[in-house]
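A.B. asks: So here's target.txt (compact mmCIF, C-alpha atoms).
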```txt
# COMPACT_ATOMS: atom_id res chain seq x y z
CA MET Y 287 0.00 0.00 0.00
CA ARG Y 288 1.39 3.39 -0.99
CA CYS Y 289 1.26 5.85 1.84
CA GLY Y 290 0.93 9.58 1.73
CA ALA Y 291 4.48 10.08 2.93
CA LEU Y 292 5.50 10.78 -0.59
CA LEU Y 293 3.11 13.65 -1.20
CA LEU Y 294 5.86 16.12 -1.91
CA VAL Y 295 7.91 13.85 -4.13
CA LEU Y 296 4.81 12.75 -5.99
CA SER Y 297 3.48 16.28 -6.35
CA LEU Y 298 6.81 17.39 -7.72
CA SER Y 299 7.09 14.41 -10.06
CA GLY Y 300 4.70 16.09 -12.44
CA PHE Y 301 7.26 18.83 -12.96
CA GLY Y 302 9.88 16.91 -14.88
CA VAL Y 303 11.12 14.21 -12.50
CA PRO Y 304 11.10 10.83 -14.24
CA ALA Y 305 9.37 8.03 -12.35
CA HIS Y 306 12.28 5.70 -13.10
CA ALA Y 307 14.97 8.02 -11.70
CA GLU Y 308 18.32 6.49 -10.72
CA THR Y 309 19.56 6.53 -7.16
CA THR Y 310 22.98 7.93 -6.28
CA ALA Y 311 25.20 8.00 -3.24
CA LEU Y 312 24.87 11.23 -1.30
CA VAL Y 313 27.51 13.23 0.47
CA PRO Y 314 26.64 13.33 4.18
CA HIS Y 315 25.83 16.77 5.53
CA THR Y 316 25.42 18.30 8.95
CA ILE Y 317 21.89 18.56 10.28
CA GLY Y 318 21.59 21.77 12.23
CA ASP Y 319 18.61 23.09 14.14
CA GLN Y 320 17.53 25.41 11.32
CA PHE Y 321 17.75 22.66 8.70
CA HIS Y 322 15.74 20.32 10.91
CA SER Y 323 13.15 23.04 11.50
CA ASN Y 324 12.88 23.65 7.76
CA VAL Y 325 12.36 19.96 7.04
CA VAL Y 326 9.66 19.75 9.71
CA THR Y 327 7.99 22.80 8.15
CA LEU Y 328 8.10 21.19 4.71
CA VAL Y 329 6.67 17.89 5.92
CA ASN Y 330 3.91 19.73 7.81
CA MET Y 331 3.05 21.72 4.66
CA THR Y 332 2.37 18.53 2.70
CA GLY Y 333 -0.65 17.59 4.82
CA LEU Y 334 0.95 14.27 5.63
CA ARG Y 335 -0.20 14.30 9.27
CA ASP Y 336 -3.85 14.56 8.24
CA GLU Y 337 -3.45 11.91 5.57
CA LEU Y 338 -1.85 9.49 8.02
CA ILE Y 339 -4.63 10.09 10.53
CA ARG Y 340 -7.26 9.51 7.83
CA SER Y 341 -5.59 6.28 6.71
CA ARG Y 342 -5.24 4.71 10.19
CA HIS Y 343 -8.65 3.05 10.02
CA ALA Y 344 -7.96 1.41 6.67
CA VAL Y 345 -4.53 0.22 7.81
CA ALA Y 346 -5.98 -1.22 11.02
CA GLU Y 347 -8.75 -2.98 9.11
CA GLU Y 348 -6.22 -4.45 6.69
CA GLY Y 349 -4.17 -5.72 9.64
CA LYS Y 350 -7.27 -7.18 11.25
CA GLN Y 351 -8.00 -9.16 8.10
CA VAL Y 352 -4.42 -10.47 8.03
CA ILE Y 353 -4.70 -11.59 11.66
CA GLN Y 354 -8.00 -13.35 11.00
CA ARG Y 355 -6.55 -15.17 7.97
CA SER Y 356 -3.23 -16.00 9.65
CA PHE Y 357 -4.69 -17.09 13.00
CA PRO Y 358 -8.09 -18.64 12.25
CA ASN Y 359 -8.26 -20.23 15.69
CA TYR Y 360 -8.16 -16.88 17.47
CA ASP Y 361 -11.39 -15.41 18.72
CA HIS Y 362 -12.46 -12.56 16.44
CA ALA Y 363 -12.40 -10.32 19.51
CA PHE Y 364 -8.58 -10.49 19.41
CA ALA Y 365 -8.40 -9.02 15.90
CA GLU Y 366 -11.10 -6.47 16.73
CA GLU Y 367 -9.23 -5.24 19.81
CA TRP Y 368 -5.91 -5.25 17.96
CA ALA Y 369 -7.42 -3.11 15.17
CA ARG Y 370 -9.05 -0.73 17.67
CA ARG Y 371 -5.72 -0.12 19.39
CA MET Y 372 -3.76 0.06 16.15
CA GLU Y 373 -6.14 2.72 14.87
CA ARG Y 374 -5.23 4.91 17.84
CA THR Y 375 -1.51 4.73 17.04
CA PRO Y 376 0.03 8.21 17.07
CA VAL Y 377 1.41 9.35 13.72
CA ASP Y 378 4.35 11.30 15.16
CA GLY Y 379 6.77 8.40 14.69
CA TYR Y 380 5.85 8.18 11.02
CA LEU Y 381 6.30 11.92 10.57
CA ALA Y 382 9.69 11.75 12.31
CA ALA Y 383 10.72 8.97 9.93
CA VAL Y 384 9.85 11.13 6.92
CA VAL Y 385 11.78 14.04 8.40
CA ALA Y 386 14.82 11.80 8.91
CA VAL Y 387 14.66 10.54 5.33
CA TYR Y 388 14.45 14.07 3.98
CA GLU Y 389 17.36 15.14 6.18
CA ARG Y 390 19.50 12.32 4.81
CA ASN Y 391 18.66 12.96 1.18
CA TYR Y 392 18.25 16.70 0.78
CA THR Y 393 20.15 19.85 1.66
CA ASN Y 394 18.75 22.92 3.37
CA ASP Y 395 18.70 24.73 0.00
CA ASP Y 396 16.68 21.85 -1.51
CA VAL Y 397 14.23 22.00 1.38
CA LEU Y 398 13.84 25.77 1.20
CA GLU Y 399 13.04 25.51 -2.50
CA MET Y 400 10.55 22.70 -1.85
CA ILE Y 401 8.88 24.87 0.81
CA GLN Y 402 8.45 27.58 -1.82
CA VAL Y 403 7.00 25.00 -4.21
CA GLN Y 404 4.47 23.98 -1.53
CA ARG Y 405 3.59 27.63 -0.96
CA ASP Y 406 3.05 28.10 -4.70
CA LEU Y 407 0.87 25.00 -4.87
CA SER Y 408 -1.16 26.19 -1.88
CA ALA Y 409 -1.69 29.56 -3.58
CA ASP Y 410 -2.72 27.88 -6.86
CA ARG Y 411 0.38 29.23 -8.58
CA GLN Y 412 2.48 27.21 -11.00
CA PRO Y 413 5.61 26.17 -9.07
CA VAL Y 414 8.98 26.70 -10.71
CA LEU Y 415 11.73 24.22 -9.94
CA SER Y 416 15.38 25.01 -10.43
CA ILE Y 417 17.40 22.76 -12.68
CA GLN Y 418 19.40 21.71 -9.63
CA LEU Y 419 16.32 20.59 -7.69
CA ARG Y 420 14.90 18.80 -10.72
CA SER Y 421 18.18 16.93 -11.06
CA LYS Y 422 18.32 16.15 -7.36
CA LEU Y 423 14.75 14.85 -7.32
CA ALA Y 424 15.50 12.68 -10.34
CA LYS Y 425 18.50 11.23 -8.55
CA VAL Y 426 16.97 10.56 -5.13
CA ALA Y 427 13.23 10.05 -5.69
CA ASP Y 428 13.44 6.25 -5.65
CA THR Y 429 15.73 6.30 -2.61
CA VAL Y 430 13.43 8.61 -0.68
CA GLU Y 431 10.37 6.56 -1.56
CA SER Y 432 12.08 3.31 -0.61
CA GLU Y 433 13.43 4.65 2.69
CA ILE Y 434 10.05 6.03 3.70
CA ALA Y 435 8.25 2.82 2.77
CA SER Y 436 10.80 0.76 4.74
CA ALA Y 437 10.53 3.03 7.77
CA PHE Y 438 6.72 2.88 7.70
CA LYS Y 439 6.75 -0.89 7.37
CA GLU Y 440 9.19 -1.24 10.28
CA LEU Y 441 7.23 1.14 12.51
CA GLY Y 442 3.94 -0.58 11.69
CA ALA Y 443 5.36 -4.04 12.31
CA LYS Y 444 6.84 -3.04 15.67
CA ARG Y 445 3.64 -1.34 16.80
CA GLY Y 446 1.49 -4.21 15.56
CA GLU Y 447 3.63 -6.73 17.42
CA GLN Y 448 3.52 -4.66 20.63
CA ILE Y 449 -0.24 -4.42 20.44
CA GLY Y 450 -0.57 -8.13 19.66
CA LYS Y 451 1.46 -9.02 22.73
CA GLN Y 452 -0.52 -6.63 24.93
CA VAL Y 453 -3.87 -7.97 23.77
CA ALA Y 454 -2.68 -11.59 24.14
CA ALA Y 455 -1.43 -10.89 27.68
CA GLU Y 456 -4.66 -9.17 28.69
CA HIS Y 457 -6.97 -11.70 27.01
CA PRO Y 458 -5.29 -15.10 26.71
CA GLU Y 459 -8.75 -16.63 26.33
CA TRP Y 460 -8.97 -15.00 22.88
CA LEU Y 461 -6.07 -17.07 21.57
CA THR Y 462 -8.44 -19.97 20.96
CA ARG Y 463 -12.05 -19.90 19.90
CA PRO Y 464 -14.48 -22.13 21.75
CA ASP Y 465 -15.55 -23.78 18.50
CA ARG Y 466 -11.96 -24.73 17.58
CA SER Y 467 -9.85 -27.41 19.18
CA GLU Y 468 -6.41 -26.20 18.07
CA SER Y 469 -4.72 -22.93 18.92
CA SER Y 470 -2.26 -20.93 16.86
CA SER Y 471 0.81 -19.24 18.22
CA MET Y 472 0.64 -15.56 19.16
CA PRO Y 473 1.38 -13.03 16.40
CA GLY Y 474 4.91 -11.76 16.53
CA LYS Y 475 6.44 -14.89 18.04
```
If you convert what's in this file into structure tokens, what do you get?

C.D. replies:
Amino acid sequence: MRCGALLLVLSLSGFGVPAHAETTALVPHTIGDQFHSNVVTLVNMTGLRDELIRSRHAVAEEGKQVIQRSFPNYDHAFAEEWARRMERTPVDGYLAAVVAVYERNYTNDDVLEMIQVQRDLSADRQPVLSIQLRSKLAKVADTVESEIASAFKELGAKRGEQIGKQVAAEHPEWLTRPDRSESSSMPGK
């Protein structure tokens, strides 16, 4: 499932960044307070927080279906409770992951230009990208997308496992359904 973490990259892709862009090694750079603040501003401007909040229900429902298919001997109450708790997961960790990816892959100048692009988009003006930013986006778009997807998958798996263990500890009776004679092992073990 594609997540909204790539709003900026995807919105900019219509301005000359090829979808099949190559990845390149990047020169590490120092992340100062101002640079970090600028990246946070950029990520906040994309509306990612709201999109992640809106998508929590669908993600939790998808996970619930996976649990029900993977552990058919579990009481359905287990998957229901897991999904309820998963849906309440704060999105701050996901936002922090996006910020970290942007900090690794872009410079402060890149971020400042992307902030201006977001401002132009918000004001219904045609954004203008420098040749340097177009080139940079072409070089790192796949890397950024991959790093964000990996971070989201890792965060979701860790949170899902934590919740599974909590629910199993609180309701061990849900690990087998009365109408089933066998029990499956707990998710995450």

A.B. asks: Of the candidates Y:Val387, Y:Leu328, Y:Val377, Y:Ala455, which shows the shortest atom-to-atom distance to Glu433 in chain Y, using all atoms listed in the file?

C.D. replies: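 For Glu433 in chain Y, the nearest of the given residues is Y:Val387.
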
A.B. asks: From the options Y:His343, Y:His362, Y:Arg355, Y:Arg374, which residue's atoms come nearest to Glu459 in chain Y, counting only C-alpha atoms?

C.D. replies: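 Of Y:His343, Y:His362, Y:Arg355, Y:Arg374, the one nearest Glu459 in chain Y is Y:His362, counting only C-alpha atoms.
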
A.B. asks: Hey, what's within 12 Å of Ala437 in chain Y if we count all atoms listed in the file and toss same-chain stuff fewer than 2 positions away? As a list of chain:residue names, please?

C.D. replies: Y:Cys289, Y:Ala291, Y:Gly379, Y:Tyr380, Y:Leu381, Y:Ala382, Y:Ala383, Y:Val384, Y:Val385, Y:Ala386, Y:Val387, Y:Val430, Y:Glu431, Y:Ser432, Y:Glu433, Y:Ile434, Y:Ala435, Y:Lys439, Y:Glu440, Y:Leu441, Y:Gly442, Y:Ala443, Y:Lys444

A.B. asks: Kindly give the distance, in Å, that separates CA of Gln320 in chain Y and CA of Ala427 in chain Y, rounded to a single decimal.

C.D. replies: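 If I compute the distance from CA of Gln320 in chain Y to CA of Ala427 in chain Y, I get 23.3 Å.
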
A.B. asks: When distances are computed from only C-alpha atoms, which of Y:Ala346, Y:Ile317, Y:Thr327, Y:Asp428 shows the smallest separation from Ile401 in chain Y?

C.D. replies: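 Once distances to Ile401 in chain Y are computed over only C-alpha atoms, the minimum belongs to Y:Thr327.
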
A.B. asks: To one decimal in Å, tell me the separation between CA of Gly333 in chain Y and CA of Ala424 in chain Y.

C.D. replies: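 Computing the Euclidean distance for CA of Gly333 in chain Y and CA of Ala424 in chain Y yields 22.7 Å.
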
A.B. asks: Enter the distance from CA of Thr375 in chain Y to CA of Lys451 in chain Y, in Å, rounded to one decimal.

C.D. replies: 15.2 Å

A.B. asks: Give the answer as one residue: which of Y:Arg390, Y:Leu423, Y:Gln402, Y:Phe438 has the shortest atom-to-atom distance to Val345 in chain Y, using only C-alpha atoms?

C.D. replies: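 Of all the options, Y:Phe438 lies closest to Val345 in chain Y.
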
A.B. asks: Of the residues Y:Arg371, Y:Arg411, Y:Asp378, Y:Ser341, which is the one nearest to Val326 in chain Y, using all atoms listed in the file?

C.D. replies: Y:Asp378

A.B. asks: Given the choices Y:Glu399, Y:Gly450, Y:Gln412, Y:Glu337, which gets closest to Tyr360 in chain Y if the distance is worked out from all atoms listed in the file?

C.D. replies: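 With all atoms listed in the file as the atom set, the closest residue is Y:Gly450.
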
A.B. asks: Edge lengths and centre in Å to one decimal, as AutoDock Vina command-line options, of the axis-aligned box that encloses all listed atoms of range 450-455 of chain Y with 6 Å added on every side?

C.D. replies:
```
--center_x -1.2 --center_y -9.1 --center_z 23.7 --size_x 17.3 --size_y 17.0 --size_z 20.0
```

A.B. asks: Within 8 Å of (-11.2, -17.5, 21.6), only C-alpha atoms: residues as a CSV table (one decimal) with C-alpha atoms, in the frame of the given file?

C.D. replies:
```csv
chain,number,residue,atom,x,y,z
Y,359,ASN,CA,-8.3,-20.2,15.7
Y,360,TYR,CA,-8.2,-16.9,17.5
Y,361,ASP,CA,-11.4,-15.4,18.7
Y,362,HIS,CA,-12.5,-12.6,16.4
Y,363,ALA,CA,-12.4,-10.3,19.5
Y,364,PHE,CA,-8.6,-10.5,19.4
Y,459,GLU,CA,-8.8,-16.6,26.3
Y,460,TRP,CA,-9.0,-15.0,22.9
Y,461,LEU,CA,-6.1,-17.1,21.6
Y,462,THR,CA,-8.4,-20.0,21.0
Y,463,ARG,CA,-12.0,-19.9,19.9
Y,464,PRO,CA,-14.5,-22.1,21.8
```

A.B. asks: At a cut-off of 12 Å, using only C-alpha atoms, what residues contact Asn324 in chain Y? Leave out same-chain residues fewer than 6 positions from it and give the result as a list in words.

C.D. replies: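 Listing them by chain and then by number gives Ile317, Gly318, Asn330, Met331, Val385, Tyr388, Glu389, Tyr392, Thr393, Asn394, Asp395, Asp396, Val397, Leu398, Glu399, Met400, Ile401 and Gln402 of chain Y.
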
A.B. asks: Next, dump the selected residues to file, keeping only C-alpha atoms, as an mmCIF file, in the frame of the given file.

C.D. replies:
```cif
data_model
loop_
_atom_site.group_PDB
_atom_site.id
_atom_site.type_symbol
_atom_site.label_atom_id
_atom_site.label_comp_id
_atom_site.auth_asym_id
_atom_site.auth_seq_id
_atom_site.Cartn_x
_atom_site.Cartn_y
_atom_site.Cartn_z
ATOM 1 C CA ILE Y 317 21.890 18.560 10.280
ATOM 2 C CA GLY Y 318 21.590 21.770 12.230
ATOM 3 C CA ASN Y 330 3.910 19.730 7.810
ATOM 4 C CA MET Y 331 3.050 21.720 4.660
ATOM 5 C CA VAL Y 385 11.780 14.040 8.400
ATOM 6 C CA TYR Y 388 14.450 14.070 3.980
ATOM 7 C CA GLU Y 389 17.360 15.140 6.180
ATOM 8 C CA TYR Y 392 18.250 16.700 0.780
ATOM 9 C CA THR Y 393 20.150 19.850 1.660
ATOM 10 C CA ASN Y 394 18.750 22.920 3.370
ATOM 11 C CA ASP Y 395 18.700 24.730 0.000
ATOM 12 C CA ASP Y 396 16.680 21.850 -1.510
ATOM 13 C CA VAL Y 397 14.230 22.000 1.380
ATOM 14 C CA LEU Y 398 13.840 25.770 1.200
ATOM 15 C CA GLU Y 399 13.040 25.510 -2.500
ATOM 16 C CA MET Y 400 10.550 22.700 -1.850
ATOM 17 C CA ILE Y 401 8.880 24.870 0.810
ATOM 18 C CA GLN Y 402 8.450 27.580 -1.820
#
```
